[in-house]
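Here's the structure we're looking at; comments come further down.
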Amino acid sequence: MERIPILRMGNLLLVTIQVDLYDRLAETLEADLVQMINKSGAQGVLIDISAVSIIDSFMGRIIGNIAMMSKILDAETVVVGMQPAVAITLVELGLPLKGVHSALNVERGMVLLQKKISVKETGDVEEDGYSE
Amino acid sequence: MVILNKEQMVIIREVDVIPFRNRIKEYAVKIGMSLVNQTKIITAASELARNMLKYAKGGKVSIEILNRGRENGIRLIFKDEGPGIGDINMAMKDGFSTGRSLGLGLPGTKRLVSEFEIQSELGKGTTVIVTKWKNG
């Protein structure tokens, strides 16, 4: 069965989606990621969707689910590299991916994740900097 | 309005959606549709194909290239022989779903295309026709 690879880098998990997504593939990724967070104790998940040209309501929901599930497992999720046309389409479709953190590219995504993790650990800034 | 090209594809498995999306992409590029409009029509097609798989175990789609004056467009006709939709007005409302979804499929799809038409008869099936003009 086709699978999207999940790489571990320190306390982060990296996912780069390089293939066309279809429903089952997205569902498998969701299950794999949640299991991997649990097993590895990762504190952050970075999903690179720069190669994804289509996100419809199902795939959008999976991305939202991943963010929500990670949160419950004490990991932060950042989605990076969304193509502008995909962003426009998602909003018109009515799926603005609430509660999902995003960054323009992998580099900024990493910085954002590290910041969120360190804030959580030191606790010097109040959490919930974003609105749901 | 002239139909310049017509082709039919059968969608009965989830993976059939991928070559179907690629085919629309090819046509969209051929008629010079902008990337945003390409993305919108392909996303709409993806939603409708999923509906067909989920509620009707698949169906057929005609892909047509249209010409109207100076403008070209793509028309997709989704035809299934599923259970049909009981209340189309409800199905077109944001957030309504009989399935396990967000209920964005039909109303969301309508927002992504230039023209949207749906016909359904209980026990007979559903036909959805969407058109996206190159600059629409």
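Following the order of the structure tokens, first chain is A, next is B, and so on, with residues numbered from 1 inside each chain and ligands from 1 in the order they appear.
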Practice problem: Restrict the distance test to only C-alpha atoms, flag each residue of chain A within 10 Å of chain B, and return the flagged residues as a ChimeraX atom specification. | Solution: /A:20-25,53-58,61,83-95
Using C-alpha atoms, can you export the residues from the last selection as an mmCIF file, in the first residue's frame?
data_model
loop_
_atom_site.group_PDB
_atom_site.id
_atom_site.type_symbol
_atom_site.label_atom_id
_atom_site.label_comp_id
_atom_site.auth_asym_id
_atom_site.auth_seq_id
_atom_site.Cartn_x
_atom_site.Cartn_y
_atom_site.Cartn_z
ATOM 1 C CA ASP A 20 -1.343 13.392 -5.376
ATOM 2 C CA LEU A 21 -3.479 12.848 -2.326
ATOM 3 C CA TYR A 22 -6.500 10.648 -2.392
ATOM 4 C CA ASP A 23 -8.753 9.862 0.527
ATOM 5 C CA ARG A 24 -7.283 6.600 1.734
ATOM 6 C CA LEU A 25 -3.727 7.906 1.492
ATOM 7 C CA SER A 53 -1.991 21.262 -5.987
ATOM 8 C CA ILE A 54 -5.432 20.248 -4.726
ATOM 9 C CA ILE A 55 -6.915 20.224 -1.228
ATOM 10 C CA ASP A 56 -10.618 19.530 -1.115
ATOM 11 C CA SER A 57 -12.932 19.354 1.892
ATOM 12 C CA PHE A 58 -11.923 15.813 2.820
ATOM 13 C CA ARG A 61 -10.547 17.950 7.221
ATOM 14 C CA GLN A 83 0.160 27.253 -2.852
ATOM 15 C CA PRO A 84 -1.748 30.549 -3.196
ATOM 16 C CA ALA A 85 -4.321 28.998 -5.536
ATOM 17 C CA VAL A 86 -4.988 26.284 -2.965
ATOM 18 C CA ALA A 87 -5.456 28.872 -0.215
ATOM 19 C CA ILE A 88 -7.955 30.819 -2.349
ATOM 20 C CA THR A 89 -9.871 27.667 -3.208
ATOM 21 C CA LEU A 90 -9.998 26.438 0.399
ATOM 22 C CA VAL A 91 -11.490 29.678 1.658
ATOM 23 C CA GLU A 92 -14.100 29.804 -1.104
ATOM 24 C CA LEU A 93 -14.952 26.207 -0.456
ATOM 25 C CA GLY A 94 -15.677 27.260 3.118
ATOM 26 C CA LEU A 95 -12.810 25.507 4.849
#
Practice problem: Can you list, as a ChimeraX atom specification, all residues belonging to chain A that DSSP tags as strand (DSSP E or B)? | Solution: /A:6-9,12-16,44-48,76-80,101-103
Exercise. Work out how far apart CA of Ile62 (chain A) and CA of Met33 (chain B) are and give it in Å to one decimal.
Key: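 The value is 28.6 Å.
Across B:Asn135, B:Ala49, B:Leu76, B:Met92, the tightest approach to Glu64 (chain B) is made by B:Leu76 when counting only C-alpha atoms.
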Practice problem: Mind checking which residues fall within 10 Å of Leu33 (chain A), counting only C-alpha atoms, ignoring those fewer than 5 positions away in the same chain, and posting them as a ChimeraX atom specification? | Solution: /A:4-6,13-15,27-28,38-39,45,66,69-70
Exercise. Write out as a ChimeraX atom specification all residues of region 13-65 of chain A that DSSP puts in alpha helix (DSSP H) for this structure's backbone.
Key: /A:23-40,57-65
